[in-house]
Structures are given as C-alpha cells and as structure tokens.
>>> print(open('my_file-v4.pdb').read())   # PDB, C-alpha atoms
MODEL        1
ATOM      1  CA  MET Y   1     -15.104  -5.722 -15.466
ATOM      2  CA  LYS Y   2     -12.179  -6.131 -13.065
ATOM      3  CA  GLU Y   3      -9.731  -5.868 -15.985
ATOM      4  CA  ARG Y   4     -11.196  -2.463 -16.862
ATOM      5  CA  MET Y   5     -10.603  -1.206 -13.309
ATOM      6  CA  MET Y   6      -6.998  -2.380 -12.947
ATOM      7  CA  HIS Y   7      -4.169  -4.181 -14.681
ATOM      8  CA  ARG Y   8      -0.529  -5.079 -14.053
ATOM      9  CA  MET Y   9       2.376  -3.449 -15.849
ATOM     10  CA  GLY Y  10       5.389  -5.452 -14.718
ATOM     11  CA  ASN Y  11       5.378  -5.163 -10.931
ATOM     12  CA  ASP Y  12       3.360  -1.946 -10.992
ATOM     13  CA  LEU Y  13      -0.373  -1.921 -10.317
ATOM     14  CA  VAL Y  14      -2.192   0.383 -12.744
ATOM     15  CA  LEU Y  15      -5.644   1.581 -11.683
ATOM     16  CA  THR Y  16      -7.980   2.908 -14.351
ATOM     17  CA  PRO Y  17     -11.010   4.177 -12.390
ATOM     18  CA  HIS Y  18     -12.816   5.771 -15.331
ATOM     19  CA  ARG Y  19     -12.083   3.220 -18.063
ATOM     20  CA  ILE Y  20     -15.404   1.573 -17.249
ATOM     21  CA  TYR Y  21     -17.131   4.614 -18.827
ATOM     22  CA  ASN Y  22     -15.202   4.351 -22.107
ATOM     23  CA  LYS Y  23     -17.941   2.432 -23.901
ATOM     24  CA  THR Y  24     -20.625   4.962 -22.905
ATOM     25  CA  SER Y  25     -18.524   7.908 -24.006
ATOM     26  CA  THR Y  26     -17.708   6.191 -27.324
ATOM     27  CA  LEU Y  27     -21.439   5.706 -27.961
ATOM     28  CA  ALA Y  28     -22.095   9.357 -27.074
ATOM     29  CA  LEU Y  29     -19.268  10.420 -29.399
ATOM     30  CA  ILE Y  30     -20.695   8.348 -32.265
ATOM     31  CA  SER Y  31     -24.136   9.928 -31.790
ATOM     32  CA  ALA Y  32     -22.506  13.395 -31.745
ATOM     33  CA  LEU Y  33     -20.709  12.553 -35.009
ATOM     34  CA  LEU Y  34     -23.986  11.393 -36.555
ATOM     35  CA  PHE Y  35     -25.591  14.729 -35.621
ATOM     36  CA  LEU Y  36     -22.651  16.580 -37.177
ATOM     37  CA  ILE Y  37     -22.918  14.505 -40.380
ATOM     38  CA  LEU Y  38     -26.658  15.182 -40.471
ATOM     39  CA  GLY Y  39     -25.960  18.902 -40.062
ATOM     40  CA  ILE Y  40     -23.462  18.879 -42.948
ATOM     41  CA  PHE Y  41     -25.842  16.816 -45.107
ATOM     42  CA  LEU Y  42     -28.725  19.257 -44.495
ATOM     43  CA  PHE Y  43     -26.465  22.228 -45.188
ATOM     44  CA  VAL Y  44     -25.341  20.777 -48.530
ATOM     45  CA  ARG Y  45     -28.779  19.508 -49.601
ATOM     46  CA  SER Y  46     -31.122  22.264 -48.487
ATOM     47  CA  GLY Y  47     -28.965  25.043 -47.069
ATOM     48  CA  ASP Y  48     -31.230  25.176 -44.001
ATOM     49  CA  PHE Y  49     -32.259  23.157 -40.908
ATOM     50  CA  TRP Y  50     -28.561  22.343 -40.265
ATOM     51  CA  GLN Y  51     -28.220  24.579 -37.207
ATOM     52  CA  MET Y  52     -30.001  22.328 -34.684
ATOM     53  CA  PRO Y  53     -28.131  19.071 -35.528
ATOM     54  CA  LEU Y  54     -24.837  20.993 -35.571
ATOM     55  CA  ALA Y  55     -25.560  22.529 -32.138
ATOM     56  CA  MET Y  56     -26.573  19.132 -30.731
ATOM     57  CA  GLY Y  57     -23.494  17.477 -32.202
ATOM     58  CA  LEU Y  58     -21.207  20.101 -30.671
ATOM     59  CA  CYS Y  59     -23.003  20.202 -27.307
ATOM     60  CA  VAL Y  60     -22.648  16.431 -26.938
ATOM     61  CA  GLY Y  61     -19.368  15.941 -28.805
ATOM     62  CA  VAL Y  62     -17.138  18.560 -27.160
ATOM     63  CA  PRO Y  63     -17.773  17.582 -23.492
ATOM     64  CA  VAL Y  64     -17.583  13.874 -24.363
ATOM     65  CA  MET Y  65     -14.292  14.403 -26.218
ATOM     66  CA  ILE Y  66     -12.859  16.276 -23.196
ATOM     67  CA  HIS Y  67     -14.144  13.494 -20.894
ATOM     68  CA  LYS Y  68     -12.513  10.844 -23.117
ATOM     69  CA  ILE Y  69      -9.156  12.613 -23.171
ATOM     70  CA  ALA Y  70      -8.956  14.057 -19.652
ATOM     71  CA  VAL Y  71     -10.982  11.642 -17.511
ATOM     72  CA  VAL Y  72     -11.204   8.194 -19.111
ATOM     73  CA  GLN Y  73      -7.416   8.150 -19.629
ATOM     74  CA  GLN Y  74      -6.651   8.798 -15.950
ATOM     75  CA  GLN Y  75      -4.402   6.229 -14.320
ATOM     76  CA  ILE Y  76      -2.989   5.733 -10.846
ATOM     77  CA  ILE Y  77       0.234   3.725 -10.846
ATOM     78  CA  ILE Y  78       1.241   2.025  -7.605
ATOM     79  CA  PRO Y  79       4.751   0.606  -7.780
ATOM     80  CA  PRO Y  80       6.101  -2.022  -5.363
ATOM     81  CA  GLY Y  81       8.346  -0.986  -2.446
ATOM     82  CA  LYS Y  82       7.454   0.755   0.804
ATOM     83  CA  ASP Y  83       8.722   4.251  -0.036
ATOM     84  CA  ALA Y  84       7.849   4.272  -3.754
ATOM     85  CA  GLN Y  85       5.941   7.219  -5.206
ATOM     86  CA  ILE Y  86       2.343   6.759  -6.332
ATOM     87  CA  VAL Y  87       1.953   8.327  -9.759
ATOM     88  CA  PHE Y  88      -1.072   9.967 -11.352
ATOM     89  CA  CYS Y  89      -1.154  10.294 -15.121
ATOM     90  CA  ILE Y  90      -3.555  11.212 -17.896
ATOM     91  CA  GLY Y  91      -2.594   9.005 -20.822
ATOM     92  CA  LYS Y  92       0.786  10.200 -22.050
ATOM     93  CA  ILE Y  93       0.002  13.904 -21.769
ATOM     94  CA  TYR Y  94       0.346  14.447 -18.017
ATOM     95  CA  LYS Y  95       2.211  12.753 -15.205
ATOM     96  CA  SER Y  96       2.742  13.731 -11.568
ATOM     97  CA  ASN Y  97       3.810  12.162  -8.291
ATOM     98  CA  ILE Y  98       0.965  12.108  -5.779
ATOM     99  CA  VAL Y  99       2.335  10.836  -2.500
ATOM    100  CA  GLN Y 100       4.817   8.323  -1.132
ATOM    101  CA  LYS Y 101       3.319   4.934  -0.393
ATOM    102  CA  ASN Y 102       4.168   5.070   3.310
ATOM    103  CA  GLU Y 103       2.355   8.446   3.533
ATOM    104  CA  ALA Y 104      -0.717   7.327   1.596
ATOM    105  CA  ALA Y 105      -4.191   6.725   2.987
ATOM    106  CA  LEU Y 106      -7.239   5.200   1.370
ATOM    107  CA  ILE Y 107     -10.478   7.113   1.866
ATOM    108  CA  SER Y 108     -14.079   6.981   0.741
ATOM    109  CA  ASN Y 109     -15.392  10.201  -0.820
ATOM    110  CA  THR Y 110     -18.608  11.273  -2.457
ATOM    111  CA  LEU Y 111     -19.329  13.506  -5.418
ATOM    112  CA  ASN Y 112     -22.956  14.438  -6.050
ATOM    113  CA  GLY Y 113     -23.981  11.603  -3.753
ATOM    114  CA  LYS Y 114     -21.938   9.018  -5.677
ATOM    115  CA  ALA Y 115     -19.358   7.267  -3.507
ATOM    116  CA  TYR Y 116     -15.867   6.332  -4.655
ATOM    117  CA  TYR Y 117     -12.541   5.325  -3.150
ATOM    118  CA  ALA Y 118      -9.591   7.661  -3.386
ATOM    119  CA  VAL Y 119      -5.961   7.788  -2.392
ATOM    120  CA  THR Y 120      -4.718  10.774  -0.432
ATOM    121  CA  SER Y 121      -2.056  11.888   2.025
ATOM    122  CA  LYS Y 122      -2.263  10.713   5.652
ATOM    123  CA  LYS Y 123      -1.326  14.248   6.756
ATOM    124  CA  ASN Y 124      -4.463  15.773   5.270
ATOM    125  CA  PRO Y 125      -6.982  13.052   4.394
ATOM    126  CA  TYR Y 126      -9.611  15.682   3.541
ATOM    127  CA  GLY Y 127      -7.423  17.524   1.052
ATOM    128  CA  LYS Y 128      -6.579  16.719  -2.547
ATOM    129  CA  SER Y 129      -7.390  13.117  -3.336
ATOM    130  CA  TYR Y 130      -7.205  10.947  -6.431
ATOM    131  CA  GLN Y 131     -10.035   8.664  -7.437
ATOM    132  CA  ILE Y 132      -9.039   5.008  -7.659
ATOM    133  CA  SER Y 133     -12.447   3.367  -8.114
ATOM    134  CA  PRO Y 134     -15.378   3.962 -10.436
ATOM    135  CA  PHE Y 135     -18.467   5.529  -8.850
ATOM    136  CA  LEU Y 136     -19.935   2.820  -6.658
ATOM    137  CA  ASN Y 137     -23.614   3.714  -6.969
ATOM    138  CA  LYS Y 138     -24.252   0.512  -8.949
ATOM    139  CA  LYS Y 139     -24.331  -2.542  -6.694
ATOM    140  CA  LYS Y 140     -22.547  -4.795  -9.217
ATOM    141  CA  THR Y 141     -19.677  -2.334  -9.717
ATOM    142  CA  ALA Y 142     -19.328  -1.804  -5.947
ATOM    143  CA  LEU Y 143     -19.283  -5.544  -5.291
ATOM    144  CA  ILE Y 144     -16.650  -6.268  -7.952
ATOM    145  CA  PHE Y 145     -14.462  -3.381  -6.801
ATOM    146  CA  GLU Y 146     -14.687  -4.129  -3.089
ATOM    147  CA  GLU Y 147     -14.272  -7.893  -3.399
ATOM    148  CA  GLU Y 148     -11.831  -8.254  -6.290
ATOM    149  CA  VAL Y 149      -9.924  -4.991  -6.761
ATOM    150  CA  LEU Y 150      -9.697  -3.361  -3.320
ATOM    151  CA  PRO Y 151      -7.805  -6.265  -1.654
ATOM    152  CA  ILE Y 152      -5.181  -6.111  -4.437
ATOM    153  CA  ILE Y 153      -4.825  -2.329  -3.977
ATOM    154  CA  LEU Y 154      -4.453  -2.705  -0.199
ATOM    155  CA  GLN Y 155      -1.863  -5.430  -0.742
ATOM    156  CA  GLN Y 156       0.081  -3.262  -3.223
ATOM    157  CA  LEU Y 157      -0.163  -0.244  -0.880
ATOM    158  CA  GLU Y 158       0.923  -2.528   1.972
ATOM    159  CA  ILE Y 159      -1.951  -1.257   4.136
ATOM    160  CA  GLN Y 160      -3.278  -3.809   6.600
TER     161      GLN Y 160
ATOM    162  CA  MET P   1      -5.623  32.405  22.678
ATOM    163  CA  ASN P   2      -7.907  30.548  20.259
ATOM    164  CA  GLU P   3      -5.767  28.567  17.837
ATOM    165  CA  TYR P   4      -8.691  27.439  15.700
ATOM    166  CA  LYS P   5     -10.111  29.191  12.680
ATOM    167  CA  TYR P   6     -13.540  27.548  12.743
ATOM    168  CA  TYR P   7     -14.033  26.897  16.447
ATOM    169  CA  GLN P   8     -14.283  29.099  19.487
ATOM    170  CA  GLU P   9     -13.930  27.846  23.064
ATOM    171  CA  ILE P  10     -17.075  29.171  24.743
ATOM    172  CA  SER P  11     -16.449  27.550  28.124
ATOM    173  CA  SER P  12     -13.936  25.126  29.525
ATOM    174  CA  ARG P  13     -13.394  22.422  26.872
ATOM    175  CA  VAL P  14     -16.648  23.286  25.069
ATOM    176  CA  TYR P  15     -16.187  24.477  21.497
ATOM    177  CA  LYS P  16     -18.660  26.184  19.218
ATOM    178  CA  ARG P  17     -18.278  26.103  15.449
ATOM    179  CA  ALA P  18     -18.023  29.527  13.847
ATOM    180  CA  GLY P  19     -21.196  30.712  12.141
ATOM    181  CA  LEU P  20     -21.017  30.315   8.364
ATOM    182  CA  LYS P  21     -24.138  32.408   7.869
ATOM    183  CA  LEU P  22     -22.970  34.981   5.333
ATOM    184  CA  GLN P  23     -22.618  32.483   2.480
ATOM    185  CA  TYR P  24     -26.199  31.241   3.006
ATOM    186  CA  LEU P  25     -27.427  34.822   3.083
ATOM    187  CA  VAL P  26     -25.620  35.626  -0.186
ATOM    188  CA  MET P  27     -27.039  32.541  -1.919
ATOM    189  CA  ALA P  28     -30.558  33.245  -0.638
ATOM    190  CA  SER P  29     -30.311  36.911  -1.734
ATOM    191  CA  ILE P  30     -29.200  35.890  -5.245
ATOM    192  CA  LEU P  31     -32.109  33.452  -5.510
ATOM    193  CA  PHE P  32     -34.629  35.992  -4.168
ATOM    194  CA  ALA P  33     -33.285  38.588  -6.631
ATOM    195  CA  ILE P  34     -33.701  36.146  -9.549
ATOM    196  CA  GLY P  35     -37.218  35.307  -8.348
ATOM    197  CA  ILE P  36     -38.244  38.972  -8.084
ATOM    198  CA  LEU P  37     -36.671  39.766 -11.479
ATOM    199  CA  PHE P  38     -38.702  37.037 -13.171
ATOM    200  CA  LEU P  39     -41.855  38.173 -11.366
ATOM    201  CA  ILE P  40     -41.455  41.758 -12.611
ATOM    202  CA  LYS P  41     -40.017  41.175 -16.081
ATOM    203  CA  TRP P  42     -41.915  38.083 -17.189
ATOM    204  CA  PRO P  43     -45.300  37.957 -15.438
ATOM    205  CA  GLY P  44     -47.077  34.804 -16.539
ATOM    206  CA  ILE P  45     -47.031  31.148 -15.725
ATOM    207  CA  GLU P  46     -43.314  30.637 -16.601
ATOM    208  CA  GLY P  47     -42.222  33.677 -14.622
ATOM    209  CA  TYR P  48     -44.321  32.658 -11.612
ATOM    210  CA  ALA P  49     -42.928  29.111 -11.758
ATOM    211  CA  VAL P  50     -39.317  30.417 -11.707
ATOM    212  CA  THR P  51     -40.204  32.794  -8.847
ATOM    213  CA  VAL P  52     -41.778  30.019  -6.761
ATOM    214  CA  ILE P  53     -38.808  27.674  -7.335
ATOM    215  CA  THR P  54     -36.136  30.278  -6.545
ATOM    216  CA  ILE P  55     -37.991  31.593  -3.478
ATOM    217  CA  ALA P  56     -38.407  28.006  -2.220
ATOM    218  CA  PHE P  57     -34.681  27.302  -2.625
ATOM    219  CA  GLY P  58     -33.857  30.693  -1.064
ATOM    220  CA  LEU P  59     -35.982  29.839   1.975
ATOM    221  CA  GLY P  60     -34.198  26.483   2.091
ATOM    222  CA  PHE P  61     -30.863  28.317   2.369
ATOM    223  CA  ILE P  62     -32.271  30.629   5.076
ATOM    224  CA  ASN P  63     -33.457  27.556   6.987
ATOM    225  CA  ARG P  64     -30.027  25.906   6.649
ATOM    226  CA  MET P  65     -28.320  29.137   7.746
ATOM    227  CA  PHE P  66     -29.207  28.358  11.364
ATOM    228  CA  ASN P  67     -27.206  25.149  11.589
ATOM    229  CA  SER P  68     -24.860  24.884  14.548
ATOM    230  CA  LEU P  69     -22.331  22.555  16.097
ATOM    231  CA  HIS P  70     -20.883  22.292  19.597
ATOM    232  CA  ILE P  71     -18.157  19.923  20.727
ATOM    233  CA  ASP P  72     -18.278  19.155  24.424
ATOM    234  CA  MET P  73     -15.021  17.530  25.406
ATOM    235  CA  ASN P  74     -16.150  17.129  29.035
ATOM    236  CA  SER P  75     -19.054  14.841  28.107
ATOM    237  CA  LYS P  76     -17.407  13.621  24.861
ATOM    238  CA  ILE P  77     -20.410  14.564  22.751
ATOM    239  CA  LEU P  78     -21.273  16.602  19.662
ATOM    240  CA  ILE P  79     -24.416  18.740  19.785
ATOM    241  CA  GLN P  80     -25.642  19.416  16.289
ATOM    242  CA  LYS P  81     -28.561  21.306  14.803
ATOM    243  CA  SER P  82     -28.715  21.011  11.039
ATOM    244  CA  SER P  83     -31.270  23.776  10.302
ATOM    245  CA  LEU P  84     -33.747  26.208  11.851
ATOM    246  CA  LEU P  85     -36.637  23.746  11.634
ATOM    247  CA  SER P  86     -34.764  20.693  12.845
ATOM    248  CA  GLY P  87     -34.170  19.713  16.434
ATOM    249  CA  LYS P  88     -30.877  19.399  18.269
ATOM    250  CA  GLN P  89     -29.225  16.016  18.281
ATOM    251  CA  THR P  90     -26.533  14.706  20.538
ATOM    252  CA  ILE P  91     -23.918  12.336  19.217
ATOM    253  CA  ALA P  92     -21.470  10.472  21.409
ATOM    254  CA  PHE P  93     -17.877  10.386  20.155
ATOM    255  CA  ALA P  94     -18.008   6.593  20.367
ATOM    256  CA  ASP P  95     -20.748   6.481  17.714
ATOM    257  CA  ILE P  96     -18.656   8.371  15.136
ATOM    258  CA  GLN P  97     -17.116   6.052  12.558
ATOM    259  CA  ASN P  98     -15.295   8.558  10.356
ATOM    260  CA  PHE P  99     -15.416  11.995   8.768
ATOM    261  CA  SER P 100     -15.747  12.791   5.085
ATOM    262  CA  ILE P 101     -16.396  15.589   2.631
ATOM    263  CA  ASN P 102     -19.270  15.393   0.185
ATOM    264  CA  ASN P 103     -18.963  17.703  -2.804
ATOM    265  CA  SER P 104     -22.115  18.382  -4.798
ATOM    266  CA  ILE P 105     -22.362  20.530  -7.887
ATOM    267  CA  TYR P 106     -25.738  22.120  -8.642
ATOM    268  CA  VAL P 107     -25.832  24.332 -11.767
ATOM    269  CA  LEU P 108     -22.193  25.497 -11.437
ATOM    270  CA  VAL P 109     -22.526  25.960  -7.644
ATOM    271  CA  LEU P 110     -20.233  23.721  -5.604
ATOM    272  CA  ILE P 111     -21.615  22.838  -2.179
ATOM    273  CA  SER P 112     -19.007  21.199  -0.014
ATOM    274  CA  SER P 113     -20.354  19.465   3.114
ATOM    275  CA  ALA P 114     -18.319  18.141   6.015
ATOM    276  CA  LEU P 115     -20.006  15.041   7.407
ATOM    277  CA  ALA P 116     -19.535  12.623  10.245
ATOM    278  CA  LEU P 117     -20.639   9.055   9.659
ATOM    279  CA  THR P 118     -22.231   7.695  12.813
ATOM    280  CA  GLU P 119     -23.569   4.292  13.633
ATOM    281  CA  LYS P 120     -26.036   3.625  16.406
ATOM    282  CA  ASN P 121     -27.774   0.271  16.821
ATOM    283  CA  GLY P 122     -26.341  -0.805  13.470
ATOM    284  CA  LYS P 123     -27.916   2.113  11.613
ATOM    285  CA  PRO P 124     -25.487   4.359   9.694
ATOM    286  CA  LYS P 125     -26.318   8.067   9.610
ATOM    287  CA  TYR P 126     -24.520  11.120   8.242
ATOM    288  CA  ILE P 127     -24.346  14.172  10.515
ATOM    289  CA  LEU P 128     -23.692  17.552   8.927
ATOM    290  CA  LEU P 129     -20.833  19.400  10.586
ATOM    291  CA  GLY P 130     -20.603  22.352   8.210
ATOM    292  CA  GLN P 131     -21.061  23.530   4.645
ATOM    293  CA  SER P 132     -19.278  25.933   2.352
ATOM    294  CA  PHE P 133     -20.068  27.137  -1.140
ATOM    295  CA  MET P 134     -17.568  27.202  -4.008
ATOM    296  CA  ASN P 135     -14.695  26.248  -1.707
ATOM    297  CA  SER P 136     -13.924  22.788  -0.325
ATOM    298  CA  LYS P 137     -10.730  23.965   1.425
ATOM    299  CA  GLN P 138     -12.769  25.476   4.277
ATOM    300  CA  MET P 139     -14.349  22.106   5.019
ATOM    301  CA  GLU P 140     -10.926  20.408   4.911
ATOM    302  CA  GLN P 141      -9.736  22.831   7.598
ATOM    303  CA  LEU P 142     -12.959  22.394   9.597
ATOM    304  CA  LEU P 143     -12.546  18.607   9.682
ATOM    305  CA  LEU P 144      -8.863  18.822  10.603
ATOM    306  CA  GLU P 145      -9.738  21.171  13.462
ATOM    307  CA  THR P 146     -12.627  18.906  14.528
ATOM    308  CA  GLU P 147     -10.233  15.948  14.663
ATOM    309  CA  LYS P 148      -7.733  18.009  16.619
ATOM    310  CA  ILE P 149     -10.305  19.135  19.201
ATOM    311  CA  MET P 150     -11.602  15.586  19.550
ATOM    312  CA  GLU P 151      -7.987  14.497  20.080
ATOM    313  CA  LEU P 152      -8.066  12.151  17.105
ATOM    314  CA  ARG P 153      -5.106  13.882  15.437
TER     315      ARG P 153
ENDMDL
END
>>> encode(input="my_file-v4.pdb", output="structure tokens")
Amino acid sequence: MKERMMHRMGNDLVLTPHRIYNKTSTLALISALLFLILGIFLFVRSGDFWQMPLAMGLCVGVPVMIHKIAVVQQQIIIPPGKDAQIVFCIGKIYKSNIVQKNEAALISNTLNGKAYYAVTSKKNPYGKSYQISPFLNKKKTALIFEEEVLPIILQQLEIQ
Amino acid sequence: MNEYKYYQEISSRVYKRAGLKLQYLVMASILFAIGILFLIKWPGIEGYAVTVITIAFGLGFINRMFNSLHIDMNSKILIQKSSLLSGKQTIAFADIQNFSINNSIYVLVLISSALALTEKNGKPKYILLGQSFMNSKQMEQLLLETEKIMELR
C-alpha cells in the first residue's frame, strides 16, 4: 500500500494521495460500462427498457471518469534542496508550483469528517492546502501512512 | 480602532467574536420555506415527512445561531457557547493543541467550521470557534485573527 501512496522519481519524492482509490474507481467504471452495454443491447433487441440502464451507466460513469482523470492522477512532487518548489500536478494535463519548501507547513485537515494530511504555506496555514495523504478514516491506511510514509515526507521537506 | 474583522474588543483585552447570525437565519428560512411548500402542495405522508425533516433541520440552525466566543487575554481563556441549548465552557489557552478547519458538504451546501483541538486529562475535544456557509475563506480569516489575538502569530 505504501507504494501506492508515494514513490521516488530520481531524487524527487512523488506523493500520490488518491492512487489508493484507483481500483475502486476502475470497478465502478466497469459496472457503468456494463450498464451502458445493457442499455445498448436492450435498445437494439427490444427498442425499450434501455432508458434506466443508460441513465445508471451515465450517472455512475461520468463522475467516476472525472474522479479518475482529475483526482486519482493528482501528484505532489517534493524535490530535494531547501528552497526548491513543491509542485502539484494532475497527470500530464496540469502543473503548478505550490510553495517553496522553506515556506511549507504540514497540517491535518478534515473533509466531511475524514481526516487527511496536507501541505500548505506557513504564512496562512488555514488557506489553500494540497492533500498529501489518503483519507485516514481506515485504521490500516492511517497506520501505514503515519508510520511508513509521513517520516519520509518530513525528511524530504526537511521539517524536524 | 478595531483592526479585526471578526472580533470586537468589548473591554480591556477581552474580545468578542462577531455574530454570524444572518447566515443561520437564511438557511433556516430556506428550510422552513421548503417545509411549508411541501405541506401545502403535497399533503400526505411524504409531504409531512419532508416538512418534519426540514423544520427539524431549520430549528437546528436556529439553535446553532446563538453560538458565541469570547477571548479573555487577561485570564488567558476562551469562553465558548456552541448553541442556544448548550452551556458555556471555559477553555484555558494551555489546553489548546491546534486550530483547524473542517469542511463538510451536505447536499451542495458547504459548511466550513473553525475548530480548536483541546486536550484535558488526555481527552481530545474539538471546540467550535465559528461556522460559515458556502465560504471557507471567512473561517481562514477568523482563525488567523484568533491566533493574532492569542499572540500565537
């Protein structure tokens, strides 16, 4: 599981906080495709009863597809060096500099009661932040992240 | 001159958080309006169920509308009341571990809550400092001002 949360790319540390959900979204996408196929099959065979499977396929498929492209692909790249820029990117479609390493702070946030770690600016720790961990509502995930991944992040960020 | 947007100095080194009542009133009014609409338009078990649920949530917002927060820098304490029906609680600065924002999304409504994590006798507890709807920037500013008043920033 640790490998799905982070990996090394040369000297850079690449965090993939949402990659852990890739399997679930793939399964949801497959079920959406099956509904769409069923809809097409019913349309061709009987000309009726295709509306419900088509609606279900679209209702599941479209949000899952957006989640797969825009969320699962999110990466936080932490390069070595004290004044290096931390980079946020979504696959190869979007890339932006977040904050300089010496200005960065690690915080714990919650969304809908689910806790996660995020990186933000020391100047405004309550402002825009970038998720670096999966949601830690599952004990196993929290334990792996806090014991195996977090120390590596702190080391790379050079935060004591 | 008061330099804070969300706090007012009511006496020497005692600060009162600004009332954020209007947003609760708006939310409660919307819910009451939905409840009444269902009661008039769709009388029957489904309509009544929607009315009861929306009125209950509306009353919840009215209850929460009366939350308050005072920072007493002389005694180094926070005096918080989280709703009309809850009692006042006093929190010593020393018991505060950190501040955080909790964003919750309920049916397209974002509720952003500014919280203080406290620990007394080994028991962690979140204390509500303020809430805003559909806008987390207000809570960011509230926490920055809280830190500034408490001389943490």
>>> closest_atom_pairs(input="my_file-v4.pdb", of="chain P", to="chain Y", cutoff="10 Å", atoms="only C-alpha atoms", output="CSV")
residue,atom,partner,partner_atom,distance
P:Asn98,CA,Y:Ser108,CA,9.8
P:Phe99,CA,Y:Tyr126,CA,8.6
P:Ser100,CA,Y:Asn109,CA,6.5
P:Ile101,CA,Y:Asn109,CA,6.5
P:Asn102,CA,Y:Thr110,CA,4.9
P:Asn103,CA,Y:Leu111,CA,5.0
P:Ser104,CA,Y:Asn112,CA,4.2
P:Ile105,CA,Y:Asn112,CA,6.4
P:Tyr106,CA,Y:Asn112,CA,8.6
P:Leu110,CA,Y:Asn112,CA,9.7
P:Ile111,CA,Y:Asn112,CA,9.3
P:Ser112,CA,Y:Leu111,CA,9.4
P:Ala114,CA,Y:Tyr126,CA,9.4
P:Ser136,CA,Y:Gly127,CA,8.5
P:Lys137,CA,Y:Gly127,CA,7.2
P:Met139,CA,Y:Tyr126,CA,8.1
P:Glu140,CA,Y:Tyr126,CA,5.1
P:Gln141,CA,Y:Tyr126,CA,8.2
P:Leu142,CA,Y:Tyr126,CA,9.6
P:Leu143,CA,Y:Tyr126,CA,7.4
P:Leu144,CA,Y:Asn124,CA,7.6
P:Arg153,CA,Y:Lys123,CA,9.5
>>> closest_residue(input="my_file-v4.pdb", among="P:Phe38, P:Phe133, P:Tyr24, P:Tyr7", to="Arg64 of chain P", atoms="all atoms listed in the file")
P:Tyr24
>>> atom_distance(input="my_file-v4.pdb", atom1="atom CA of Val52 of chain P", atom2="atom CA of Ser86 of chain P")
22.8 Å
>>> residues_around(input="my_file-v4.pdb", residues="segment 153-159 of chain Y", least_positions_apart="6", cutoff="12 Å", atoms="all atoms listed in the file", output="ChimeraX atom specification")
/Y:5-8,11-15,76-86,99-107,117-120,132-133,145-147
>>> residues_around(input="my_file-v4.pdb", residues="Ala94 of chain P", least_positions_apart="3", cutoff="12 Å", atoms="only C-alpha atoms", output="list of chain:residue names")
P:Ser75, P:Lys76, P:Ile77, P:Leu78, P:Thr90, P:Ile91, P:Gln97, P:Asn98, P:Ala116, P:Leu117, P:Thr118, P:Glu119, P:Lys120, P:Met150, P:Leu152
>>> residues_around(input="my_file-v4.pdb", residues="Met52 of chain Y", least_positions_apart="4", cutoff="10 Å", atoms="only C-alpha atoms", output="PDB file with C-alpha atoms, in the coordinates of the input")
ATOM      1  CA  PHE Y  35     -25.591  14.729 -35.621  1.00  0.00           C
ATOM      2  CA  LEU Y  36     -22.651  16.580 -37.177  1.00  0.00           C
ATOM      3  CA  LEU Y  38     -26.658  15.182 -40.471  1.00  0.00           C
ATOM      4  CA  GLY Y  39     -25.960  18.902 -40.062  1.00  0.00           C
ATOM      5  CA  ASP Y  48     -31.230  25.176 -44.001  1.00  0.00           C
ATOM      6  CA  MET Y  56     -26.573  19.132 -30.731  1.00  0.00           C
ATOM      7  CA  GLY Y  57     -23.494  17.477 -32.202  1.00  0.00           C
ATOM      8  CA  LEU Y  58     -21.207  20.101 -30.671  1.00  0.00           C
TER       9      LEU Y  58
END
>>> resolve_selection(input="my_file-v4.pdb", expression="the PyMOL selection byres ((chain P and resi 130) around 8)", output="number ranges by chain")
P: 20, 67, 113-115, 128-129, 131-132, 139, 142
>>> resolve_selection(input="my_file-v4.pdb", expression="the PyMOL selection byres ((chain Y and resi 21) around 10)", output="list of chain:residue names")
Y:Arg4, Y:Pro17, Y:His18, Y:Arg19, Y:Ile20, Y:Asn22, Y:Lys23, Y:Thr24, Y:Ser25, Y:Thr26, Y:His67, Y:Lys68, Y:Val71, Y:Val72, Y:Pro134
>>> atom_distance(input="my_file-v4.pdb", atom1="atom CA of Tyr116 of chain Y", atom2="atom CA of Ser96 of chain Y")
21.2 Å
>>> atom_distance(input="my_file-v4.pdb", atom1="atom CA of Gln75 of chain Y", atom2="atom CA of Phe88 of chain Y")
5.8 Å
>>> build_atoms(input="my_file-v4.pdb", residues="segment 62-71 of chain P", atoms="N, CA, C and O atoms", output="tab-separated table (two decimals), keeping the file's coordinate frame")
chain	number	residue	atom	x	y	z
P	62	ILE	N	-32.06	29.88	3.83
P	62	ILE	CA	-32.27	30.63	5.08
P	62	ILE	C	-32.46	29.65	6.24
P	62	ILE	O	-31.90	29.82	7.32
P	63	ASN	N	-33.23	28.59	5.98
P	63	ASN	CA	-33.46	27.56	6.99
P	63	ASN	C	-32.13	26.91	7.40
P	63	ASN	O	-31.83	26.75	8.57
P	64	ARG	N	-31.30	26.58	6.39
P	64	ARG	CA	-30.03	25.91	6.65
P	64	ARG	C	-29.00	26.83	7.32
P	64	ARG	O	-28.05	26.37	7.96
P	65	MET	N	-29.24	28.15	7.18
P	65	MET	CA	-28.32	29.14	7.75
P	65	MET	C	-28.17	28.98	9.26
P	65	MET	O	-27.15	29.31	9.84
P	66	PHE	N	-29.21	28.44	9.90
P	66	PHE	CA	-29.21	28.36	11.36
P	66	PHE	C	-28.68	27.02	11.87
P	66	PHE	O	-29.06	26.57	12.94
P	67	ASN	N	-27.80	26.40	11.08
P	67	ASN	CA	-27.21	25.15	11.59
P	67	ASN	C	-26.10	25.49	12.59
P	67	ASN	O	-25.49	26.56	12.51
P	68	SER	N	-25.89	24.61	13.53
P	68	SER	CA	-24.86	24.88	14.55
P	68	SER	C	-24.21	23.58	15.01
P	68	SER	O	-24.76	22.49	14.80
P	69	LEU	N	-23.05	23.74	15.60
P	69	LEU	CA	-22.33	22.56	16.10
P	69	LEU	C	-21.53	22.92	17.34
P	69	LEU	O	-20.83	23.94	17.35
P	70	HIS	N	-21.67	22.12	18.38
P	70	HIS	CA	-20.88	22.29	19.60
P	70	HIS	C	-20.14	20.99	19.87
P	70	HIS	O	-20.70	19.91	19.67
P	71	ILE	N	-18.90	21.12	20.30
P	71	ILE	CA	-18.16	19.92	20.73
P	71	ILE	C	-17.91	20.06	22.22
P	71	ILE	O	-17.27	21.02	22.66
